[in-house]
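To be precise, the following lines are data_37.json, and they hold JSON, C-alpha atoms and all ligand atoms.
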```
[["chain", "number", "residue", "atom", "x", "y", "z"],
["S", 1303, "MET", "CA", 0.00, 0.00, 0.00],
["S", 1304, "LEU", "CA", 2.67, 2.50, 1.08],
["S", 1305, "ASP", "CA", 4.85, 1.69, -1.92],
["S", 1306, "THR", "CA", 2.12, 2.93, -4.25],
["S", 1307, "VAL", "CA", 2.29, 6.41, -2.68],
["S", 1308, "THR", "CA", 4.65, 8.57, -4.69],
["S", 1309, "PRO", "CA", 4.71, 12.05, -3.23],
["S", 1310, "THR", "CA", 5.88, 15.17, -5.02],
["S", 1311, "VAL", "CA", 9.32, 16.02, -3.66],
["S", 1312, "VAL", "CA", 11.20, 19.31, -4.00],
["S", 1313, "THR", "CA", 14.87, 19.14, -3.03],
["S", 1314, "MET", "CA", 17.12, 22.09, -2.22],
["S", 1315, "ALA", "CA", 20.63, 22.26, -0.70],
["S", 1316, "ARG", "CA", 19.31, 22.33, 2.89],
["S", 1317, "ALA", "CA", 15.66, 21.31, 2.50],
["S", 1318, "THR", "CA", 13.55, 18.42, 1.24],
["S", 1319, "LEU", "CA", 9.85, 19.19, 0.93],
["S", 1320, "TYR", "CA", 7.14, 16.57, 0.41],
["S", 1321, "LEU", "CA", 3.63, 17.25, -0.85],
["S", 1322, "GLY", "CA", 1.63, 14.46, 0.79],
["S", 1323, "ASP", "CA", 0.15, 12.98, 3.92],
["S", 1324, "ALA", "CA", 2.29, 13.20, 7.06],
["S", 1325, "TYR", "CA", 0.86, 9.99, 8.55],
["S", 1326, "LEU", "CA", 1.92, 8.01, 5.47],
["S", 1327, "LEU", "CA", 5.26, 9.69, 4.87],
["S", 1328, "LEU", "CA", 6.93, 10.56, 8.17],
["S", 1329, "ALA", "CA", 7.73, 7.04, 9.37],
["S", 1330, "ARG", "CA", 9.34, 6.29, 5.98],
["S", 1331, "LEU", "CA", 11.84, 9.14, 6.34],
["S", 1332, "GLY", "CA", 13.85, 7.55, 9.17],
["S", 1333, "TRP", "CA", 15.62, 9.32, 12.03],
["S", 1334, "VAL", "CA", 15.50, 13.10, 12.46],
["S", 1335, "ASP", "CA", 17.14, 15.02, 15.30],
["S", 1336, "ALA", "CA", 14.00, 17.00, 16.08],
["S", 1337, "ILE", "CA", 10.37, 17.29, 15.07],
["S", 1338, "VAL", "CA", 9.31, 20.93, 15.31],
["S", 1339, "THR", "CA", 5.67, 21.26, 14.40],
["S", 1340, "ASP", "CA", 2.47, 23.25, 14.61],
["S", 1341, "PRO", "CA", -0.17, 20.58, 13.89],
["S", 1342, "PRO", "CA", -3.90, 21.14, 13.47],
["S", 1343, "TYR", "CA", -5.18, 22.19, 16.90],
["S", 1344, "GLU", "CA", -8.31, 20.67, 18.41],
["S", 1345, "PHE", "CA", -10.56, 23.47, 19.58],
["S", 1346, "ARG", "CA", -14.01, 24.99, 19.20],
["S", 1347, "ALA", "CA", -13.75, 27.36, 16.23],
["S", 1348, "GLU", "CA", -17.47, 28.17, 16.11],
["S", 1349, "GLY", "CA", -19.05, 31.17, 17.86],
["S", 1350, "GLY", "CA", -17.22, 34.45, 18.39],
["S", 1351, "GLY", "CA", -20.35, 36.63, 18.58],
["S", 1352, "HIS", "CA", -20.12, 40.05, 16.96],
["S", 1353, "TYR", "CA", -16.34, 39.70, 16.60],
["S", 1354, "ARG", "CA", -16.80, 36.78, 14.24],
["S", 1355, "ALA", "CA", -16.69, 39.06, 11.18],
["S", 1356, "GLU", "CA", -13.21, 40.22, 12.25],
["S", 1357, "ARG", "CA", -12.06, 36.63, 12.54],
["S", 1358, "GLN", "CA", -12.19, 35.66, 8.86],
["S", 1359, "GLY", "CA", -9.35, 33.23, 9.50],
["S", 1360, "MET", "CA", -11.73, 31.07, 11.58],
["S", 1361, "ASP", "CA", -13.80, 30.08, 8.54],
["S", 1362, "GLN", "CA", -10.62, 29.07, 6.70],
["S", 1363, "ILE", "CA", -9.47, 27.13, 9.78],
["S", 1364, "LEU", "CA", -12.74, 25.16, 9.74],
["S", 1365, "ASP", "CA", -12.73, 24.66, 5.93],
["S", 1366, "GLU", "CA", -9.15, 23.33, 5.96],
["S", 1367, "GLY", "CA", -9.68, 20.98, 8.94],
["S", 1368, "LEU", "CA", -7.28, 22.97, 11.13],
["S", 1369, "ALA", "CA", -9.53, 22.62, 14.19],
["S", 1370, "ASP", "CA", -9.75, 18.82, 13.93],
["S", 1371, "GLY", "CA", -6.68, 17.93, 15.98],
["S", 1372, "PHE", "CA", -3.92, 15.47, 15.14],
["S", 1373, "ASP", "CA", -2.91, 11.93, 16.01],
["S", 1374, "LEU", "CA", -0.21, 11.98, 18.68],
["S", 1375, "SER", "CA", 1.37, 8.81, 17.25],
["S", 1376, "ILE", "CA", 2.99, 11.05, 14.60],
["S", 1377, "ILE", "CA", 5.50, 11.92, 17.38],
["S", 1378, "ASN", "CA", 7.57, 8.74, 17.65],
["S", 1379, "PRO", "CA", 10.43, 8.93, 20.21],
["S", 1380, "LEU", "CA", 12.21, 6.07, 18.40],
["S", 1381, "LEU", "CA", 12.59, 8.27, 15.33],
["S", 1382, "CYS", "CA", 13.62, 11.62, 16.85],
["S", 1383, "GLY", "CA", 15.79, 13.00, 19.66],
["S", 1384, "GLY", "CA", 13.31, 15.68, 20.65],
["S", 1385, "VAL", "CA", 10.10, 17.41, 19.71],
["S", 1386, "VAL", "CA", 8.63, 20.89, 19.86],
["S", 1387, "VAL", "CA", 4.89, 20.81, 19.39],
["S", 1388, "PHE", "CA", 2.40, 23.66, 19.53],
["S", 1389, "CYS", "CA", -1.04, 22.85, 20.86],
["S", 1390, "HIS", "CA", -4.24, 24.44, 22.08],
["S", 1391, "ASN", "CA", -4.89, 24.80, 25.81],
["S", 1392, "ASP", "CA", -7.66, 22.18, 25.54],
["S", 1393, "GLN", "CA", -5.21, 19.58, 24.16],
["S", 1394, "LEU", "CA", -2.80, 19.76, 27.11],
["S", 1395, "PRO", "CA", -4.48, 16.92, 29.07],
["S", 1396, "GLN", "CA", -3.71, 14.57, 26.15],
["S", 1397, "VAL", "CA", -0.38, 15.95, 24.89],
["S", 1398, "LEU", "CA", 1.51, 16.31, 28.20],
["S", 1399, "PRO", "CA", 1.03, 12.69, 29.40],
["S", 1400, "TYR", "CA", 1.87, 11.35, 25.93],
["S", 1401, "LEU", "CA", 5.16, 13.28, 25.80],
["S", 1402, "ASP", "CA", 5.92, 12.44, 29.44],
["S", 1403, "GLY", "CA", 5.67, 8.75, 28.60],
["S", 1404, "SER", "CA", 7.76, 9.13, 25.43],
["S", 1405, "PHE", "CA", 10.63, 11.47, 26.38],
["S", 1406, "GLU", "CA", 12.92, 11.94, 29.34],
["S", 1407, "ARG", "CA", 12.03, 15.57, 30.10],
["S", 1408, "GLN", "CA", 9.67, 18.25, 28.88],
["S", 1409, "ALA", "CA", 9.05, 21.99, 29.30],
["S", 1410, "LEU", "CA", 5.89, 24.00, 28.75],
["S", 1411, "CYS", "CA", 6.73, 27.23, 26.88],
["S", 1412, "ILE", "CA", 4.74, 30.25, 25.75],
["S", 1413, "TRP", "CA", 4.48, 32.56, 22.79],
["S", 1414, "ARG", "CA", 2.85, 35.71, 24.22],
["S", 1415, "LYS", "CA", 0.98, 37.72, 21.57],
["S", 1416, "LYS", "CA", 1.33, 41.48, 21.28],
["S", 1417, "ASN", "CA", -1.84, 41.54, 19.18],
["S", 1418, "PRO", "CA", -4.28, 38.89, 20.47],
["S", 1419, "GLN", "CA", -7.69, 38.40, 18.87],
["S", 1420, "PRO", "CA", -10.35, 40.65, 20.48],
["S", 1421, "VAL", "CA", -12.51, 37.71, 21.53],
["S", 1422, "ALA", "CA", -12.90, 35.31, 24.45],
["S", 1423, "ASN", "CA", -15.74, 33.02, 23.27],
["S", 1424, "LYS", "CA", -16.74, 31.89, 26.78],
["S", 1425, "HIS", "CA", -13.09, 31.03, 27.51],
["S", 1426, "TYR", "CA", -9.99, 33.23, 28.24],
["S", 1427, "ARG", "CA", -8.75, 35.82, 25.78],
["S", 1428, "PRO", "CA", -6.12, 34.11, 23.56],
["S", 1429, "VAL", "CA", -3.16, 36.21, 24.67],
["S", 1430, "MET", "CA", -0.73, 33.34, 24.33],
["S", 1431, "GLU", "CA", -0.06, 30.10, 22.54],
["S", 1432, "ILE", "CA", 1.52, 27.10, 24.17],
["S", 1433, "TYR", "CA", 4.27, 24.88, 22.89],
["S", 1434, "ILE", "CA", 5.94, 21.95, 24.58],
["S", 1435, "HIS", "CA", 9.59, 21.03, 24.12],
["S", 1436, "ALA", "CA", 10.30, 17.40, 25.05],
["S", 1437, "TRP", "CA", 13.64, 15.64, 24.64],
["S", 1438, "ASN", "CA", 15.63, 12.51, 25.27],
["S", 1439, "ARG", "CA", 19.20, 12.26, 26.60],
["S", 1440, "GLY", "CA", 21.67, 14.30, 24.55],
["S", 1441, "TYR", "CA", 18.96, 16.53, 23.00],
["S", 1442, "HIS", "CA", 18.38, 18.98, 25.87],
["S", 1443, "PRO", "CA", 17.55, 22.65, 25.07],
["S", 1444, "ARG", "CA", 20.42, 24.76, 23.68],
["S", 1445, "GLY", "CA", 21.26, 28.48, 23.91],
["S", 1446, "THR", "CA", 22.52, 31.16, 26.24],
["S", 1447, "LEU", "CA", 20.73, 31.79, 29.53],
["S", 1448, "LEU", "CA", 18.63, 34.55, 27.92],
["S", 1449, "GLU", "CA", 17.83, 32.37, 24.92],
["S", 1450, "LEU", "CA", 16.62, 29.69, 27.33],
["S", 1451, "ASP", "CA", 13.65, 31.79, 28.49],
["S", 1452, "ARG", "CA", 10.42, 29.81, 28.28],
["S", 1453, "GLU", "CA", 8.58, 32.78, 26.87],
["S", 1454, "ILE", "CA", 8.79, 34.82, 23.68],
["S", 1455, "VAL", "CA", 6.73, 37.92, 22.92],
["S", 1456, "ALA", "CA", 5.89, 38.52, 19.26],
["S", 1457, "MET", "CA", 3.23, 39.85, 16.89],
["S", 1458, "SER", "CA", 0.83, 37.49, 15.11],
["S", 1459, "PRO", "CA", 1.52, 37.83, 11.38],
["S", 1460, "ARG", "CA", -0.84, 40.15, 9.56],
["S", 1461, "GLY", "CA", -1.48, 40.95, 5.87],
["S", 1462, "ASP", "CA", 1.13, 39.62, 3.40],
["S", 1463, "ALA", "CA", 3.05, 37.96, 6.24],
["S", 1464, "LYS", "CA", 0.17, 35.45, 6.54],
["S", 1465, "PHE", "CA", 0.82, 34.03, 3.05],
["S", 1466, "GLY", "CA", -2.88, 33.19, 2.69],
["S", 1467, "HIS", "CA", -2.67, 30.74, 5.62],
["S", 1468, "PRO", "CA", -4.74, 31.27, 8.79],
["S", 1469, "THR", "CA", -2.17, 30.05, 11.36],
["S", 1470, "VAL", "CA", 1.29, 31.17, 10.22],
["S", 1471, "LYS", "CA", 3.81, 31.39, 13.07],
["S", 1472, "PRO", "CA", 5.99, 34.54, 13.37],
["S", 1473, "ASP", "CA", 9.65, 34.34, 12.31],
["S", 1474, "ALA", "CA", 10.78, 35.53, 15.77],
["S", 1475, "VAL", "CA", 9.00, 32.61, 17.47],
["S", 1476, "MET", "CA", 10.40, 30.02, 15.07],
["S", 1477, "ASP", "CA", 13.93, 31.48, 15.25],
["S", 1478, "LYS", "CA", 13.85, 31.20, 19.04],
["S", 1479, "ILE", "CA", 12.59, 27.62, 18.93],
["S", 1480, "ILE", "CA", 15.22, 26.52, 16.41],
["S", 1481, "THR", "CA", 17.93, 28.13, 18.61],
["S", 1482, "ASN", "CA", 16.71, 25.98, 21.52],
["S", 1483, "VAL", "CA", 16.47, 22.71, 19.57],
["S", 1484, "ALA", "CA", 19.46, 20.36, 19.41],
["S", 1485, "GLY", "CA", 20.65, 18.62, 16.26],
["S", 1486, "GLU", "CA", 21.20, 19.10, 12.56],
["S", 1487, "ILE", "CA", 18.08, 17.63, 10.94],
["S", 1488, "ILE", "CA", 14.77, 19.34, 11.76],
["S", 1489, "CYS", "CA", 11.47, 17.95, 10.48],
["S", 1490, "ASP", "CA", 8.02, 19.57, 10.37],
["S", 1491, "PRO", "CA", 5.37, 17.05, 9.25],
["S", 1492, "PHE", "CA", 2.66, 19.78, 9.26],
["S", 1493, "MET", "CA", 4.79, 22.50, 7.69],
["S", 1494, "GLY", "CA", 2.05, 24.79, 6.33],
["S", 1495, "THR", "CA", 3.85, 27.69, 4.63],
["S", 1496, "GLY", "CA", 7.27, 26.50, 5.80],
["S", 1497, "SER", "CA", 7.92, 28.78, 8.80],
["S", 1498, "THR", "CA", 9.90, 26.07, 10.65],
["S", 1499, "GLY", "CA", 11.95, 25.41, 7.52],
["S", 1500, "VAL", "CA", 12.82, 29.08, 6.98],
["S", 1501, "ALA", "CA", 14.09, 29.34, 10.57],
["S", 1502, "ALA", "CA", 16.04, 26.07, 10.26],
["S", 1503, "VAL", "CA", 17.74, 27.08, 7.01],
["S", 1504, "LYS", "CA", 18.58, 30.54, 8.42],
["S", 1505, "ALA", "CA", 20.25, 28.78, 11.36],
["S", 1506, "GLY", "CA", 22.33, 26.52, 9.09],
["S", 1507, "ARG", "CA", 20.33, 23.33, 9.80],
["S", 1508, "ARG", "CA", 18.79, 20.85, 7.39],
["S", 1509, "PHE", "CA", 15.01, 20.75, 7.02],
["S", 1510, "ILE", "CA", 12.49, 18.09, 6.00],
["S", 1511, "GLY", "CA", 8.90, 19.31, 5.58],
["S", 1512, "ILE", "CA", 5.57, 17.65, 4.74],
["S", 1513, "GLU", "CA", 2.37, 19.46, 3.74],
["S", 1514, "HIS", "CA", -0.76, 18.00, 2.14],
["S", 1515, "ASN", "CA", -2.40, 21.22, 0.92],
["S", 1516, "PRO", "CA", -0.97, 22.03, -2.56],
["S", 1517, "LYS", "CA", -1.50, 25.79, -2.15],
["S", 1518, "HIS", "CA", 0.40, 25.96, 1.14],
["S", 1519, "PHE", "CA", 3.03, 23.53, -0.20],
["S", 1520, "ALA", "CA", 3.71, 25.92, -3.11],
["S", 1521, "THR", "CA", 4.08, 28.80, -0.64],
["S", 1522, "ALA", "CA", 6.54, 26.76, 1.44],
["S", 1523, "VAL", "CA", 8.61, 25.93, -1.66],
["S", 1524, "GLU", "CA", 8.80, 29.63, -2.53],
["S", 1525, "ARG", "CA", 9.67, 30.69, 1.04],
["S", 1526, "LEU", "CA", 12.38, 28.02, 1.31],
["S", 1527, "ARG", "CA", 13.83, 29.05, -2.08],
["S", 1528, "ARG", "CA", 14.11, 32.64, -0.82],
["S", 1529, "ALA", "CA", 15.66, 31.47, 2.47],
["S", 1530, "HIS", "CA", 18.29, 29.60, 0.43],
["S", 1531, "GLU", "CA", 19.02, 32.68, -1.69],
["S", 1532, "ASP", "CA", 19.44, 34.82, 1.43],
["S", 1533, "HIS", "CA", 21.21, 32.43, 3.81],
["S", 1534, "VAL", "CA", 22.89, 29.53, 1.99],
["S", 1535, "PRO", "CA", 26.16, 30.22, 0.14],
["S", 1536, "PRO", "CA", 26.02, 29.01, -3.49],
["S", 1601, "LIG", "C1", -1.33, 24.76, 11.92],
["S", 1601, "LIG", "S1", -0.87, 24.62, 10.27],
["S", 1601, "LIG", "C2", 0.87, 24.94, 10.26],
["S", 1601, "LIG", "C3", 1.20, 26.36, 9.88],
["S", 1601, "LIG", "C4", 2.70, 26.63, 9.92],
["S", 1601, "LIG", "N1", 3.18, 26.62, 11.27],
["S", 1601, "LIG", "C5", 3.06, 27.95, 9.25],
["S", 1601, "LIG", "O1", 3.65, 28.82, 9.92],
["S", 1601, "LIG", "O2", 2.75, 28.12, 8.07],
["S", 1601, "LIG", "C6", -0.93, 22.90, 10.01],
["S", 1601, "LIG", "C7", -0.69, 22.47, 8.58],
["S", 1601, "LIG", "O3", -0.73, 21.04, 8.52],
["S", 1601, "LIG", "C8", -1.33, 20.67, 7.29],
["S", 1601, "LIG", "N2", -1.82, 19.30, 7.46],
["S", 1601, "LIG", "C9", -2.91, 18.89, 8.17],
["S", 1601, "LIG", "N3", -3.03, 17.56, 8.13],
["S", 1601, "LIG", "C10", -1.98, 17.10, 7.40],
["S", 1601, "LIG", "C11", -1.53, 15.79, 7.02],
["S", 1601, "LIG", "N4", -2.20, 14.69, 7.38],
["S", 1601, "LIG", "N5", -0.41, 15.68, 6.28],
["S", 1601, "LIG", "C12", 0.28, 16.80, 5.90],
["S", 1601, "LIG", "N6", -0.10, 18.05, 6.22],
["S", 1601, "LIG", "C13", -1.20, 18.20, 6.98],
["S", 1601, "LIG", "C14", -2.40, 21.70, 7.05],
["S", 1601, "LIG", "O4", -2.74, 21.81, 5.68],
["S", 1601, "LIG", "C15", -1.75, 22.97, 7.61],
["S", 1601, "LIG", "O5", -1.14, 23.76, 6.59]]
```

Write the structure described by the file as structure tokens, please.
Amino acid sequence: MLDTVTPTVVTMARATLYLGDAYLLLARLGWVDAIVTDPPYEFRAEGGGHYRAERQGMDQILDEGLADGFDLSIINPLLCGGVVVFCHNDQLPQVLPYLDGSFERQALCIWRKKNPQPVANKHYRPVMEIYIHAWNRGYHPRGTLLELDREIVAMSPRGDAKFGHPTVKPDAVMDKIITNVAGEIICDPFMGTGSTGVAAVKAGRRFIGIEHNPKHFATAVERLRRAHEDHVPP
């Protein structure tokens, strides 16, 4: 069955990008030093009252299945030294025990938003997003003391910086995460527009990305090409 799946692959000096399904492809790629990923969250994207009109991204999130969650088995501790995974507050009861059982240590970290959505939707205002860094022996967080803060403050991308995707992560957040992650080969099985890859290539690492939406895959290819032009010597 798997042998019949031939994904589109785009190869660059420091990046290999696959257009296809992460659940079919990732296990076939072998060992990577770190998975750094922002998978589909599982959360209630309906509602929003009179602010709904300002939250056009929410309709796209629903249409593209980005509120449907992900299968935790995609994070396999036998195939990576560590993982950084974003998740919604409501997923923490599932994600934390899974990572605790799979890796030696883990840390809950925060991206604090300078420009949070003006909505609470019978919950708390979304002033921050959570990510968890979990690692096995030899893959502990890297960086200077300041770089090892568990919090980063940054703007949510707006306008052109969204690349037509509703959940693009800011460069500053991804740069910080890549600084903290050990190892040469970084993989994002839910790469969207390639934000993890851009940060990895800028930092001189190698990147493997998977995305199943052809429009976002094309954006990632273009962003990674530009990152190569700007940061990889010919
Ligand atoms: C939350 S978004 C990631 C956005 C990314 N962090 C960025 O900055 O552009 C998750 C991405 O995973 C993709 N995706 C969802 N399920 C997938 C699957 N089974 N295989 C590959 N990609 C998938 C979606 O199309 C979406 O672009």

In Å, with one decimal, what is the gap from atom CA of S:Pro1535 to atom CA of S:Thr1521?
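For atom CA of S:Pro1535 relative to atom CA of S:Thr1521, the distance reads 22.1 Å.
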
At a cut-off of 7 Å around ligand LIG 1601 (chain S), and using all atoms listed in the file, what residues come up? Please write them as JSON, numbers by chain.
{"S": [1322, 1323, 1324, 1325, 1339, 1340, 1341, 1342, 1343, 1366, 1368, 1467, 1469, 1470, 1471, 1491, 1492, 1493, 1494, 1495, 1496, 1497, 1498, 1512, 1513, 1514, 1515, 1518]}

Closest pair table for stretch 1424-1484 of chain S residues within 9 Å of stretch 1385-1406 of chain S, all atoms listed in the file, as CSV:
```
residue,atom,partner,partner_atom,distance
S:Glu1431,CA,S:His1390,CA,7.1
S:Ile1432,CA,S:Phe1388,CA,5.8
S:Tyr1433,CA,S:Phe1388,CA,4.0
S:Ile1434,CA,S:Val1387,CA,5.4
S:His1435,CA,S:Val1386,CA,4.4
S:Ala1436,CA,S:Val1385,CA,5.3
S:Trp1437,CA,S:Phe1405,CA,5.4
S:Asn1438,CA,S:Glu1406,CA,4.9
S:Arg1439,CA,S:Glu1406,CA,6.9
S:Ile1479,CA,S:Val1386,CA,7.9
S:Val1483,CA,S:Val1386,CA,8.1
```

Would you compute the distance between atom CA of S:Asp1462 and atom CA of S:Ala1520? Give it in Å to one decimal.
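Interatomic distance here is 15.4 Å.
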
Would you mind reading off the distance between atom CA of S:Gly1466 and atom CA of S:Ile1377, one decimal, in Å?
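About the pair atom CA of S:Gly1466 and atom CA of S:Ile1377: they are 27.2 Å apart.
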
Residues within 10 Å of S:Met1430, please, as a PyMOL selection string. Count only C-alpha atoms; anything in the same chain fewer than 2 positions from it doesn't count.
chain S and resi 1390-1391+1411-1418+1427-1428+1432-1433+1453-1456

Rank S:Glu1524, S:Asp1532, S:Asp1477, S:Glu1486 by their smallest atom-to-atom distance to S:Gly1384, using only C-alpha atoms, and report the top residue only.
S:Glu1486

Any idea what's packed within 10 Å of S:Ile1480, counting all atoms listed in the file, ignoring anything in its chain fewer than 3 positions away? Could you give it as a VMD selection string?
chain S and resid 1336 1338 1386 1443 to 1445 1475 to 1477 1483 to 1485 1488 1498 to 1499 1501 to 1505 1507

My list of candidates is S:Gly1359, S:Gly1511, S:Pro1459, S:Pro1472. Which is closest to S:Thr1318 when distances are computed with all atoms listed in the file?
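Closest to S:Thr1318, using all atoms listed in the file: S:Gly1511.
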
Spatial neighbours of S:Glu1531, max dist 12 Å, all atoms listed in the file, sep filter under 3 positions, as JSON, numbers by chain
{"S": [1314, 1315, 1316, 1500, 1503, 1504, 1524, 1525, 1526, 1527, 1528, 1534, 1535, 1536]}

Answer as a PyMOL selection string, residues within 6 Å of (10.9, 23.2, -4.4) using all atoms listed in the file
chain S and resi 1312-1313+1523

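Distances from S:Asp1361, S:Asp1451, S:Thr1446, S:Ile1487 to S:Trp1333 were compared using all atoms listed in the file, and the smallest one belongs to S:Ile1487.
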
Please reconstruct the missing atoms of stretch 1425-1438 of chain S (target: N, CA, C and O atoms) and return them as a compact mmCIF listing (two decimals), keeping the file's coordinate frame.
```txt
# COMPACT_ATOMS: atom_id res chain seq x y z
N HIS S 1425 -14.34 31.64 27.03
CA HIS S 1425 -13.09 31.03 27.51
C HIS S 1425 -12.24 32.22 27.95
O HIS S 1425 -12.78 33.29 28.23
N TYR S 1426 -10.87 32.10 27.99
CA TYR S 1426 -9.99 33.23 28.24
C TYR S 1426 -9.58 33.86 26.93
O TYR S 1426 -9.55 33.19 25.89
N ARG S 1427 -9.23 35.15 26.97
CA ARG S 1427 -8.75 35.82 25.78
C ARG S 1427 -7.44 35.14 25.32
O ARG S 1427 -6.56 34.87 26.17
N PRO S 1428 -7.29 34.88 24.02
CA PRO S 1428 -6.12 34.11 23.56
C PRO S 1428 -4.85 34.96 23.48
O PRO S 1428 -4.34 35.24 22.40
N VAL S 1429 -4.34 35.34 24.64
CA VAL S 1429 -3.16 36.21 24.67
C VAL S 1429 -1.86 35.42 24.51
O VAL S 1429 -0.78 36.01 24.42
N MET S 1430 -1.96 34.10 24.52
CA MET S 1430 -0.73 33.34 24.33
C MET S 1430 -1.02 32.00 23.67
O MET S 1430 -2.14 31.51 23.71
N GLU S 1431 0.02 31.47 23.04
CA GLU S 1431 -0.06 30.10 22.54
C GLU S 1431 0.98 29.28 23.27
O GLU S 1431 2.01 29.79 23.69
N ILE S 1432 0.66 28.00 23.39
CA ILE S 1432 1.52 27.10 24.17
C ILE S 1432 2.30 26.21 23.21
O ILE S 1432 1.77 25.78 22.19
N TYR S 1433 3.55 25.97 23.56
CA TYR S 1433 4.27 24.88 22.89
C TYR S 1433 5.03 24.10 23.94
O TYR S 1433 5.40 24.62 24.99
N ILE S 1434 5.24 22.83 23.64
CA ILE S 1434 5.94 21.95 24.58
C ILE S 1434 7.21 21.46 23.89
O ILE S 1434 7.16 21.02 22.73
N HIS S 1435 8.32 21.58 24.60
CA HIS S 1435 9.59 21.03 24.12
C HIS S 1435 9.89 19.80 24.96
O HIS S 1435 9.98 19.90 26.19
N ALA S 1436 9.97 18.64 24.34
CA ALA S 1436 10.30 17.40 25.05
C ALA S 1436 11.54 16.79 24.39
O ALA S 1436 11.71 16.90 23.19
N TRP S 1437 12.40 16.14 25.20
CA TRP S 1437 13.64 15.64 24.64
C TRP S 1437 14.11 14.40 25.37
O TRP S 1437 13.74 14.16 26.52
N ASN S 1438 14.95 13.65 24.67
CA ASN S 1438 15.63 12.51 25.27
C ASN S 1438 17.09 12.88 25.52
O ASN S 1438 17.55 13.95 25.11
```
